[in-house]
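Since the structure comes first, as structure tokens, the remarks are kept for the end.
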Amino acid sequence: MRICVLGSGYVGLVTGACLANMGNHVICTDKDAVKIGKLTAGDVPFYEPGLQEIIKFNLKNGRLSFTGDLKKAIELSDIIFVAVGTPSKKDGAAQIAHVVSAAKDIAVAIKKGYKIIVNKSTVPVGMGDIVTKILKKNGISRDKFSVVSNPEFLSEGTAVSDFMSPDRIVIGASDNRAFNTITELYRPLNAHIIFTDIKTAETIKYVSNSFLATKVSFINEIANICEQIGVDVTTVASAVGLDRRIGRKFLNAGVGYGGSCLPKDVLALIDVSQKAGYVPRLLKAVDEINGKQIDLFLEKIKKSFPKPSGKKIAVMGVSFKPGTDDTRSAPSVRLIKKLLSLGFSVQVFDPAVKNSPVRGAVVCKDIYSALKGCDAAAFVTEWPQFKQLNFELVKKTMKKPVIFDGRNIFDPKIMKESGFKYFGVGR
Ligand code: UGA
């Protein structure tokens with residue numbers, strides 16, 4: 001099929017590259033000319049396992065191309081994917097300006113033939129109707145286009161395999177022609193397809209992310225209780241998670257969820273709900289617990305170091321989770337800012353993040369240089385390489401053997417036996 005993707009950010013690039021890899025002709029567009037130049041040379045602006053390889057492969061075989069000329073890309077395509085950003089506004093509502101602008105660009109560019117506009121951006125419920133109205137207002141007759149909502153469920157770090165082997169594909173459409181074409185597009189993936197109306201598909205996306213966030217805040221609340229009553233939350237989570245109705249995934253207690261999706265989508269669903277006249281108390285608590293989790297972690301550090309001046313802390317892991325270099329809404333960023341404002345010196349290490357997202361923190365090139373001379377180390381992202389630490393060497397490298405484990409990476413018993421003062425979350 002002939003496809004174009006508006007927006008070559010994270011979602012747009014993974015979608016475009018994977019669709020090209022499945023044999024389609026895909027043009028990815030972006031308003032950022034520098035980005036388009038780099039992508040044309042096969043240079044991916046962020047770290048995502050496997051993505052660079054499939055982009056290079058499909059650039060070479062001619063199925064994938066990049067352009068800043070949106071109009072031409074739309075003219076040449078039968079299916080237009082919209083994958084632009086919808087960041088949070090100050091009040092938590094999702095910003096729809098880029099989606100509106102994409103709809104206007106499409107309206108200007110549609111000349112002949114019939115096009116299917118597929119929305120991949122995470123949007124407030126009802127956005128499909130707004131896109132339809134924009135096109136109609138711009139003189140495009142109803143038989144010339146269909147609007148589809150096809151939310152993405154990609155996780156950073158595993159996005160390519162998530163796309164190629166999805167748990168489900170949701171297609172929200174108001175007509176059979178669009179539904180049949182998009183079903184055909186995804187047929188090679190042999191996935192479970194759910195057909196809904198557009199509003200339901202938009203809701204499914206928010207609810208999926210909000211449920212994942214709820215699981216994380218739930219286990220963090222339990223961790224805070226466990227800490228008070230002297231029980232290890234990791235054992236509790238493992239046992240509870242064996243119940244197939246509950247499941248073990250997303251029950252890892254820690255310093256809270258970050259990233260560009262979970263925090264934003266919980267706030268957006270709260271906003272959708274409140275605008276509809278319902279106060280979502282559970283979702284509000286999910287967000288509140290998440291915000292507090294890093295503060296509780298910081299309290300433990302403050303308690304151990306009541307006089308921070310002259311004390312040096314290593315922050316281990318900066319990305320919001322392992323497998324990515326993304327630091328958006330990462331708990332580490334808040335922690336580093338607070339540590340610096342309290343007067344600690346901060347050395348950071350992350351296998352993927354090479355520049356500190358906070359001014360004043362010193363970025364180190366490897367684990368042991370970050371730990372060197374530190375009074376304590378705070379582990380904030382559970383990168384697999386942290387699990388392989390040589391504790392004898394760590395002890396020799398650090399000034400004091402004190403570890404704050406914000407992701408429960410280490411075994412408290414082993415840490416104690418190895419001579420460390422150890423603080424986990426909920427244990
Ligand atoms: C999330 C969803 O998992 C994807 O399905 C969705 O497509 C994506 O948002 C999106 O809307 O684009 P992602 O933001 O990549 O994906 O990250 P997650 O794997 O969901 O992790 C989010 C945060 O939760 C991370 O900071 C992680 O450390 C934290 N987390 C996760 C925990 O604290 N505990 C857990 O048990 C699991």
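FYI, nothing fancy with the structure tokens labels: chains A, B, ... in order, residues from 1 per chain, ligands from 1 as they appear.
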Give me, as JSON lines, the closest atom pair and its distance (Å, one decimal) for every residue of chain A within a cut-off of 8 Å of ligand 1, counting only C-alpha atoms and all ligand atoms, rows sorted by chain and rising number.
{"residue": "A:Val11", "atom": "CA", "partner": "ligand 1", "partner_atom_place_in_ligand_line": "12 (O)", "distance": 7.3}
{"residue": "A:Thr122", "atom": "CA", "partner": "ligand 1", "partner_atom_place_in_ligand_line": "11 (O)", "distance": 7.1}
{"residue": "A:Glu152", "atom": "CA", "partner": "ligand 1", "partner_atom_place_in_ligand_line": "7 (O)", "distance": 5.3}
{"residue": "A:Phe153", "atom": "CA", "partner": "ligand 1", "partner_atom_place_in_ligand_line": "7 (O)", "distance": 3.0}
{"residue": "A:Leu154", "atom": "CA", "partner": "ligand 1", "partner_atom_place_in_ligand_line": "7 (O)", "distance": 3.8}
{"residue": "A:Ser155", "atom": "CA", "partner": "ligand 1", "partner_atom_place_in_ligand_line": "15 (O)", "distance": 3.5}
{"residue": "A:Glu156", "atom": "CA", "partner": "ligand 1", "partner_atom_place_in_ligand_line": "15 (O)", "distance": 3.7}
{"residue": "A:Gly157", "atom": "CA", "partner": "ligand 1", "partner_atom_place_in_ligand_line": "15 (O)", "distance": 6.9}
{"residue": "A:Ala159", "atom": "CA", "partner": "ligand 1", "partner_atom_place_in_ligand_line": "15 (O)", "distance": 7.9}
{"residue": "A:Lys205", "atom": "CA", "partner": "ligand 1", "partner_atom_place_in_ligand_line": "11 (O)", "distance": 7.4}
{"residue": "A:Ser208", "atom": "CA", "partner": "ligand 1", "partner_atom_place_in_ligand_line": "5 (O)", "distance": 7.2}
{"residue": "A:Asn209", "atom": "CA", "partner": "ligand 1", "partner_atom_place_in_ligand_line": "2 (C)", "distance": 5.7}
{"residue": "A:Leu212", "atom": "CA", "partner": "ligand 1", "partner_atom_place_in_ligand_line": "20 (O)", "distance": 6.8}
{"residue": "A:Ala213", "atom": "CA", "partner": "ligand 1", "partner_atom_place_in_ligand_line": "24 (O)", "distance": 6.9}
{"residue": "A:Lys215", "atom": "CA", "partner": "ligand 1", "partner_atom_place_in_ligand_line": "36 (O)", "distance": 7.5}
{"residue": "A:Val216", "atom": "CA", "partner": "ligand 1", "partner_atom_place_in_ligand_line": "34 (N)", "distance": 5.1}
{"residue": "A:Lys249", "atom": "CA", "partner": "ligand 1", "partner_atom_place_in_ligand_line": "36 (O)", "distance": 5.9}
{"residue": "A:Phe250", "atom": "CA", "partner": "ligand 1", "partner_atom_place_in_ligand_line": "36 (O)", "distance": 3.0}
{"residue": "A:Leu251", "atom": "CA", "partner": "ligand 1", "partner_atom_place_in_ligand_line": "36 (O)", "distance": 4.1}
{"residue": "A:Asn252", "atom": "CA", "partner": "ligand 1", "partner_atom_place_in_ligand_line": "36 (O)", "distance": 3.5}
{"residue": "A:Ala253", "atom": "CA", "partner": "ligand 1", "partner_atom_place_in_ligand_line": "34 (N)", "distance": 5.6}
{"residue": "A:Gly254", "atom": "CA", "partner": "ligand 1", "partner_atom_place_in_ligand_line": "33 (O)", "distance": 5.5}
{"residue": "A:Val255", "atom": "CA", "partner": "ligand 1", "partner_atom_place_in_ligand_line": "33 (O)", "distance": 6.5}
{"residue": "A:Gly256", "atom": "CA", "partner": "ligand 1", "partner_atom_place_in_ligand_line": "33 (O)", "distance": 4.7}
{"residue": "A:Tyr257", "atom": "CA", "partner": "ligand 1", "partner_atom_place_in_ligand_line": "24 (O)", "distance": 3.6}
{"residue": "A:Gly258", "atom": "CA", "partner": "ligand 1", "partner_atom_place_in_ligand_line": "26 (O)", "distance": 3.8}
{"residue": "A:Gly259", "atom": "CA", "partner": "ligand 1", "partner_atom_place_in_ligand_line": "14 (O)", "distance": 4.9}
{"residue": "A:Ser260", "atom": "CA", "partner": "ligand 1", "partner_atom_place_in_ligand_line": "14 (O)", "distance": 5.8}
{"residue": "A:Cys261", "atom": "CA", "partner": "ligand 1", "partner_atom_place_in_ligand_line": "11 (O)", "distance": 4.5}
{"residue": "A:Leu262", "atom": "CA", "partner": "ligand 1", "partner_atom_place_in_ligand_line": "9 (O)", "distance": 5.6}
{"residue": "A:Asp265", "atom": "CA", "partner": "ligand 1", "partner_atom_place_in_ligand_line": "11 (O)", "distance": 7.5}
{"residue": "A:Phe320", "atom": "CA", "partner": "ligand 1", "partner_atom_place_in_ligand_line": "26 (O)", "distance": 4.6}
{"residue": "A:Lys321", "atom": "CA", "partner": "ligand 1", "partner_atom_place_in_ligand_line": "28 (O)", "distance": 4.5}
{"residue": "A:Pro322", "atom": "CA", "partner": "ligand 1", "partner_atom_place_in_ligand_line": "28 (O)", "distance": 7.6}
{"residue": "A:Ala330", "atom": "CA", "partner": "ligand 1", "partner_atom_place_in_ligand_line": "26 (O)", "distance": 6.5}
{"residue": "A:Pro331", "atom": "CA", "partner": "ligand 1", "partner_atom_place_in_ligand_line": "26 (O)", "distance": 7.4}
{"residue": "A:Thr381", "atom": "CA", "partner": "ligand 1", "partner_atom_place_in_ligand_line": "28 (O)", "distance": 7.0}
{"residue": "A:Glu382", "atom": "CA", "partner": "ligand 1", "partner_atom_place_in_ligand_line": "28 (O)", "distance": 8.0}
{"residue": "A:Arg407", "atom": "CA", "partner": "ligand 1", "partner_atom_place_in_ligand_line": "33 (O)", "distance": 7.7}
Residues near Leu269 (chain A), anyone? I mean within 9 Å using only C-alpha atoms, not counting same-chain ones fewer than 5 positions away, as a compact mmCIF listing (two decimals) with all heavy atoms, in the first residue's frame.
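Result written to selection06.txt:
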# COMPACT_ATOMS: atom_id res chain seq x y z
N GLY A 92 -3.12 19.67 32.52
CA GLY A 92 -3.18 18.22 32.33
C GLY A 92 -3.87 17.81 31.04
O GLY A 92 -3.71 16.68 30.59
N ALA A 93 -4.64 18.72 30.43
CA ALA A 93 -5.32 18.37 29.17
C ALA A 93 -4.28 18.15 28.08
O ALA A 93 -3.19 18.73 28.13
CB ALA A 93 -6.25 19.51 28.77
N PRO A 124 -7.41 13.33 22.87
CA PRO A 124 -8.62 13.34 23.69
C PRO A 124 -9.79 12.68 22.95
O PRO A 124 -9.87 12.76 21.72
CB PRO A 124 -8.90 14.83 23.89
CG PRO A 124 -7.63 15.52 23.58
CD PRO A 124 -6.88 14.67 22.62
N VAL A 125 -10.65 12.04 23.71
CA VAL A 125 -11.79 11.34 23.11
C VAL A 125 -12.65 12.37 22.36
O VAL A 125 -13.00 13.40 22.92
CB VAL A 125 -12.60 10.62 24.21
CG1 VAL A 125 -13.80 9.88 23.62
CG2 VAL A 125 -11.68 9.67 24.99
N THR A 203 -10.61 5.96 23.56
CA THR A 203 -10.72 5.70 25.00
C THR A 203 -9.83 4.52 25.41
O THR A 203 -9.17 4.56 26.45
CB THR A 203 -12.19 5.40 25.38
OG1 THR A 203 -13.00 6.47 24.88
CG2 THR A 203 -12.38 5.28 26.88
N TYR A 206 -6.23 5.56 26.27
CA TYR A 206 -6.06 6.22 27.58
C TYR A 206 -6.22 5.22 28.73
O TYR A 206 -5.52 5.27 29.72
CB TYR A 206 -7.08 7.34 27.76
CG TYR A 206 -6.67 8.66 27.14
CD1 TYR A 206 -7.62 9.52 26.60
CD2 TYR A 206 -5.34 9.06 27.13
CE1 TYR A 206 -7.26 10.74 26.06
CE2 TYR A 206 -4.96 10.28 26.58
CZ TYR A 206 -5.92 11.12 26.05
OH TYR A 206 -5.56 12.32 25.52
N VAL A 207 -7.19 4.32 28.55
CA VAL A 207 -7.47 3.37 29.64
C VAL A 207 -6.32 2.38 29.78
O VAL A 207 -5.93 2.03 30.90
CB VAL A 207 -8.82 2.66 29.41
CG1 VAL A 207 -9.05 1.56 30.43
CG2 VAL A 207 -9.96 3.68 29.47
N SER A 210 -3.56 4.20 31.58
CA SER A 210 -3.97 4.54 32.95
C SER A 210 -3.99 3.29 33.82
O SER A 210 -3.69 3.35 35.01
CB SER A 210 -5.35 5.21 32.96
OG SER A 210 -5.25 6.44 32.29
N LYS A 264 1.45 11.61 31.31
CA LYS A 264 0.62 12.51 30.48
C LYS A 264 -0.79 11.93 30.27
O LYS A 264 -1.79 12.64 30.36
CB LYS A 264 1.35 12.70 29.15
CG LYS A 264 0.52 13.06 27.96
CD LYS A 264 1.39 13.25 26.73
CE LYS A 264 1.49 12.05 25.84
NZ LYS A 264 0.32 11.66 25.08
N GLN A 274 -13.21 14.90 33.90
CA GLN A 274 -13.75 16.09 34.59
C GLN A 274 -14.57 16.97 33.67
O GLN A 274 -15.61 17.48 34.06
CB GLN A 274 -12.62 16.88 35.25
CG GLN A 274 -12.08 16.10 36.43
CD GLN A 274 -11.06 16.84 37.26
OE1 GLN A 274 -10.92 16.54 38.43
NE2 GLN A 274 -10.35 17.77 36.68
N PRO A 280 -12.69 11.75 38.77
CA PRO A 280 -12.08 10.41 38.82
C PRO A 280 -11.11 10.30 40.00
O PRO A 280 -9.92 10.55 39.87
CB PRO A 280 -11.33 10.34 37.49
CG PRO A 280 -10.99 11.76 37.18
CD PRO A 280 -11.95 12.65 37.88
N LEU A 283 -7.99 7.81 39.67
CA LEU A 283 -6.93 8.28 38.76
C LEU A 283 -6.14 9.42 39.40
O LEU A 283 -4.93 9.53 39.23
CB LEU A 283 -7.53 8.74 37.43
CG LEU A 283 -8.12 7.65 36.55
CD1 LEU A 283 -8.78 8.24 35.30
CD2 LEU A 283 -7.06 6.64 36.13
Worksheet item: Mind checking DSSP for region 101-269 of chain A and telling me the helix (DSSP H, G or I) residues as a PyMOL selection string?
Response: chain A and resi 101-109+127-137+142-144+159-164+176-189+198-229+233-241+262-269
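Note that CA of Lys136 (chain A) and CA of Thr67 (chain A) are 26.6 Å apart.
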Worksheet item: Restricting the calculation to only C-alpha atoms, which member of A:Ile409, A:Leu339, A:Ile54, A:Ile219 is positioned closest to Phe379 (chain A)?
Response: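 Answer, going by the shortest atom-to-atom distance: A:Ile409.
Distances here use only C-alpha atoms; by that measure, the residue among A:Phe349, A:Phe423, A:Tyr10, A:Phe179 closest to Ser319 (chain A) is A:Phe349.
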Discussion item. Can you tell me which residues surround Ser341 (chain A) at a distance of at most 12 Å, considering only C-alpha atoms, apart from same-chain residues fewer than 4 positions away, and format the answer as JSON, numbers by chain?
Written reply: {"A": [308, 309, 334, 335, 336, 337, 345, 346, 358, 359, 360, 361]}
Taking only C-alpha atoms into account, produce a table as CSV in which each residue of region 290-370 of chain A with an atom at most 12 Å from an atom of region 385-404 of chain A appears once, together with its shortest atom pair and the distance in Å to one decimal, ordered by chain and rising number.
residue,atom,partner,partner_atom,distance
A:Ile294,CA,A:Phe404,CA,11.8
A:Leu296,CA,A:Phe404,CA,11.7
A:Phe297,CA,A:Phe404,CA,8.1
A:Leu298,CA,A:Phe404,CA,9.4
A:Glu299,CA,A:Phe404,CA,11.0
A:Lys300,CA,A:Phe404,CA,8.1
A:Ile301,CA,A:Phe404,CA,7.4
A:Lys302,CA,A:Phe404,CA,11.2
A:Lys303,CA,A:Phe404,CA,11.8
A:Ser304,CA,A:Val402,CA,9.3
A:Phe305,CA,A:Val402,CA,10.8
A:Lys311,CA,A:Lys399,CA,10.0
A:Lys312,CA,A:Lys399,CA,9.0
A:Ile313,CA,A:Val402,CA,9.7
A:Ala314,CA,A:Met398,CA,9.4
A:Val315,CA,A:Phe404,CA,9.5
A:Met316,CA,A:Phe386,CA,8.4
A:Gly317,CA,A:Phe386,CA,9.1
A:Pro322,CA,A:Gln385,CA,10.1
A:Gly323,CA,A:Gln385,CA,11.3
A:Gln347,CA,A:Met398,CA,12.0
A:Phe349,CA,A:Phe386,CA,10.7
A:Asp350,CA,A:Phe386,CA,10.1
A:Pro351,CA,A:Gln385,CA,8.6
A:Ala352,CA,A:Gln385,CA,11.7
A:Asp366,CA,A:Gln385,CA,10.9
A:Ile367,CA,A:Phe386,CA,8.3
A:Tyr368,CA,A:Thr397,CA,6.8
A:Ser369,CA,A:Thr397,CA,8.2
A:Ala370,CA,A:Met398,CA,9.2
Residues from the last selection, N, CA and C atoms, saved as a JSON list (two decimals), in the first residue's frame:
[["chain", "number", "residue", "atom", "x", "y", "z"],
["A", 294, "ILE", "N", 9.11, 9.72, 44.50],
["A", 294, "ILE", "CA", 10.51, 10.17, 44.46],
["A", 294, "ILE", "C", 10.82, 11.01, 45.70],
["A", 296, "LEU", "N", 9.60, 10.47, 48.70],
["A", 296, "LEU", "CA", 9.84, 9.52, 49.80],
["A", 296, "LEU", "C", 11.26, 8.95, 49.71],
["A", 297, "PHE", "N", 11.69, 8.71, 48.47],
["A", 297, "PHE", "CA", 13.05, 8.19, 48.24],
["A", 297, "PHE", "C", 14.07, 9.23, 48.71],
["A", 298, "LEU", "N", 13.80, 10.47, 48.34],
["A", 298, "LEU", "CA", 14.71, 11.56, 48.72],
["A", 298, "LEU", "C", 14.77, 11.72, 50.24],
["A", 299, "GLU", "N", 13.62, 11.51, 50.90],
["A", 299, "GLU", "CA", 13.58, 11.61, 52.37],
["A", 299, "GLU", "C", 14.58, 10.66, 53.00],
["A", 300, "LYS", "N", 14.68, 9.43, 52.42],
["A", 300, "LYS", "CA", 15.62, 8.43, 52.97],
["A", 300, "LYS", "C", 17.05, 8.95, 52.85],
["A", 301, "ILE", "N", 17.36, 9.58, 51.73],
["A", 301, "ILE", "CA", 18.72, 10.11, 51.52],
["A", 301, "ILE", "C", 18.98, 11.25, 52.52],
["A", 302, "LYS", "N", 17.95, 12.12, 52.65],
["A", 302, "LYS", "CA", 18.11, 13.27, 53.56],
["A", 302, "LYS", "C", 18.31, 12.82, 55.00],
["A", 303, "LYS", "N", 17.59, 11.76, 55.37],
["A", 303, "LYS", "CA", 17.68, 11.25, 56.74],
["A", 303, "LYS", "C", 19.09, 10.72, 57.02],
["A", 304, "SER", "N", 19.70, 10.09, 56.01],
["A", 304, "SER", "CA", 21.06, 9.56, 56.20],
["A", 304, "SER", "C", 22.11, 10.66, 56.14],
["A", 305, "PHE", "N", 21.78, 11.74, 55.42],
["A", 305, "PHE", "CA", 22.74, 12.84, 55.28],
["A", 305, "PHE", "C", 22.08, 14.17, 55.65],
["A", 311, "LYS", "N", 28.94, 16.52, 50.53],
["A", 311, "LYS", "CA", 28.65, 15.09, 50.30],
["A", 311, "LYS", "C", 28.41, 14.86, 48.79],
["A", 312, "LYS", "N", 28.93, 13.72, 48.31],
["A", 312, "LYS", "CA", 28.82, 13.43, 46.89],
["A", 312, "LYS", "C", 27.96, 12.18, 46.67],
["A", 313, "ILE", "N", 26.97, 12.31, 45.78],
["A", 313, "ILE", "CA", 26.08, 11.16, 45.51],
["A", 313, "ILE", "C", 26.16, 10.78, 44.03],
["A", 314, "ALA", "N", 26.23, 9.48, 43.77],
["A", 314, "ALA", "CA", 26.18, 9.00, 42.38],
["A", 314, "ALA", "C", 24.73, 8.66, 42.06],
["A", 315, "VAL", "N", 24.20, 9.23, 40.98],
["A", 315, "VAL", "CA", 22.86, 8.84, 40.53],
["A", 315, "VAL", "C", 23.06, 7.88, 39.36],
["A", 316, "MET", "N", 22.65, 6.65, 39.56],
["A", 316, "MET", "CA", 22.91, 5.59, 38.57],
["A", 316, "MET", "C", 21.64, 5.33, 37.75],
["A", 317, "GLY", "N", 21.71, 5.70, 36.49],
["A", 317, "GLY", "CA", 20.55, 5.58, 35.61],
["A", 317, "GLY", "C", 19.82, 6.90, 35.54],
["A", 322, "PRO", "N", 15.01, 1.31, 31.56],
["A", 322, "PRO", "CA", 16.13, 0.77, 30.79],
["A", 322, "PRO", "C", 15.76, 0.61, 29.32],
["A", 323, "GLY", "N", 16.78, 0.56, 28.46],
["A", 323, "GLY", "CA", 16.54, 0.29, 27.03],
["A", 323, "GLY", "C", 16.23, 1.51, 26.21],
["A", 347, "GLN", "N", 27.16, 13.02, 40.72],
["A", 347, "GLN", "CA", 27.81, 12.41, 39.55],
["A", 347, "GLN", "C", 26.82, 11.42, 38.98],
["A", 349, "PHE", "N", 25.62, 8.45, 35.94],
["A", 349, "PHE", "CA", 25.99, 7.54, 34.85],
["A", 349, "PHE", "C", 24.74, 6.88, 34.29],
["A", 350, "ASP", "N", 24.68, 6.83, 32.98],
["A", 350, "ASP", "CA", 23.61, 6.08, 32.31],
["A", 350, "ASP", "C", 24.21, 5.48, 31.04],
["A", 351, "PRO", "N", 23.95, 4.19, 30.76],
["A", 351, "PRO", "CA", 24.54, 3.57, 29.58],
["A", 351, "PRO", "C", 24.10, 4.23, 28.27],
["A", 352, "ALA", "N", 22.90, 4.84, 28.25],
["A", 352, "ALA", "CA", 22.40, 5.41, 26.99],
["A", 352, "ALA", "C", 22.37, 6.94, 26.98],
["A", 366, "ASP", "N", 31.65, 5.89, 32.79],
["A", 366, "ASP", "CA", 31.36, 4.50, 33.14],
["A", 366, "ASP", "C", 30.90, 4.41, 34.60],
["A", 367, "ILE", "N", 30.47, 3.21, 34.97],
["A", 367, "ILE", "CA", 29.88, 2.99, 36.29],
["A", 367, "ILE", "C", 30.85, 3.37, 37.41],
["A", 368, "TYR", "N", 32.09, 2.88, 37.29],
["A", 368, "TYR", "CA", 33.01, 3.05, 38.42],
["A", 368, "TYR", "C", 33.52, 4.49, 38.53],
["A", 369, "SER", "N", 33.61, 5.22, 37.41],
["A", 369, "SER", "CA", 34.00, 6.64, 37.58],
["A", 369, "SER", "C", 32.87, 7.41, 38.25],
["A", 370, "ALA", "N", 31.63, 7.01, 38.00],
["A", 370, "ALA", "CA", 30.52, 7.71, 38.66],
["A", 370, "ALA", "C", 30.51, 7.44, 40.17]]
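Summary of the local environment: counting only C-alpha atoms, residues at most 12 Å from Thr40 (chain A), other than itself and those fewer than 4 positions away along its chain, are Ser8, Ile27, Cys28, Thr29, Asp30, Ala33, Val34, Lys35, Ile36, Val44, Pro45, Gln52, Ile55, Lys56, Phe57, Asn58, Leu59, Lys60, Gly62, Leu64, Ser65, Phe66, Thr67 and Gly68 of chain A.
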Practice prompt. Grab the CA of Ile182 (chain A) to CA of Val131 (chain A) distance for me, in Å with one decimal place.
Written response: 18.1 Å
Discussion item. Counting only C-alpha atoms, which residue out of A:Asn24, A:Ser418, A:Ser217, A:Thr235 sits closest to Glu184 (chain A)?
Written reply: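 Looking only at the distances to Glu184 (chain A), the closest residue turns out to be A:Asn24.
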Fill in: Who sits within 10 Å of Ala109 (chain A), only C-alpha atoms, same chain under 5 positions skipped, as a VMD selection string
chain A and resid 70 to 75 103 to 104
Practice prompt. Can you work out which one of A:Thr200, A:Gly424, A:Gly310, A:Val108 has the shortest atom-to-atom distance to Gly373 (chain A), counting only C-alpha atoms?
Written response: A:Gly310
Worksheet entry | Shortest interatomic distance to Met22 (chain A) - which of A:Val363, A:Ala41, A:Leu189, A:Ala377, counting only C-alpha atoms |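 Using only C-alpha atoms, the shortest distance to Met22 (chain A) belongs to A:Leu189.
With only C-alpha atoms as the atoms that count, the minimum distance from Lys137 (chain A) to the choices A:Ala107, A:Val380, A:Val240, A:Ala285 is reached by A:Ala107.
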Item to complete: Determine which residues of region 94-294 of chain A DSSP labels as strand (DSSP E) from the backbone of this structure, then write them out as JSON, numbers by chain.
Response: {"A": [115, 116, 117, 118, 119, 145, 146, 147, 148, 149, 169, 170, 171, 172, 173, 193, 194, 195, 196]}
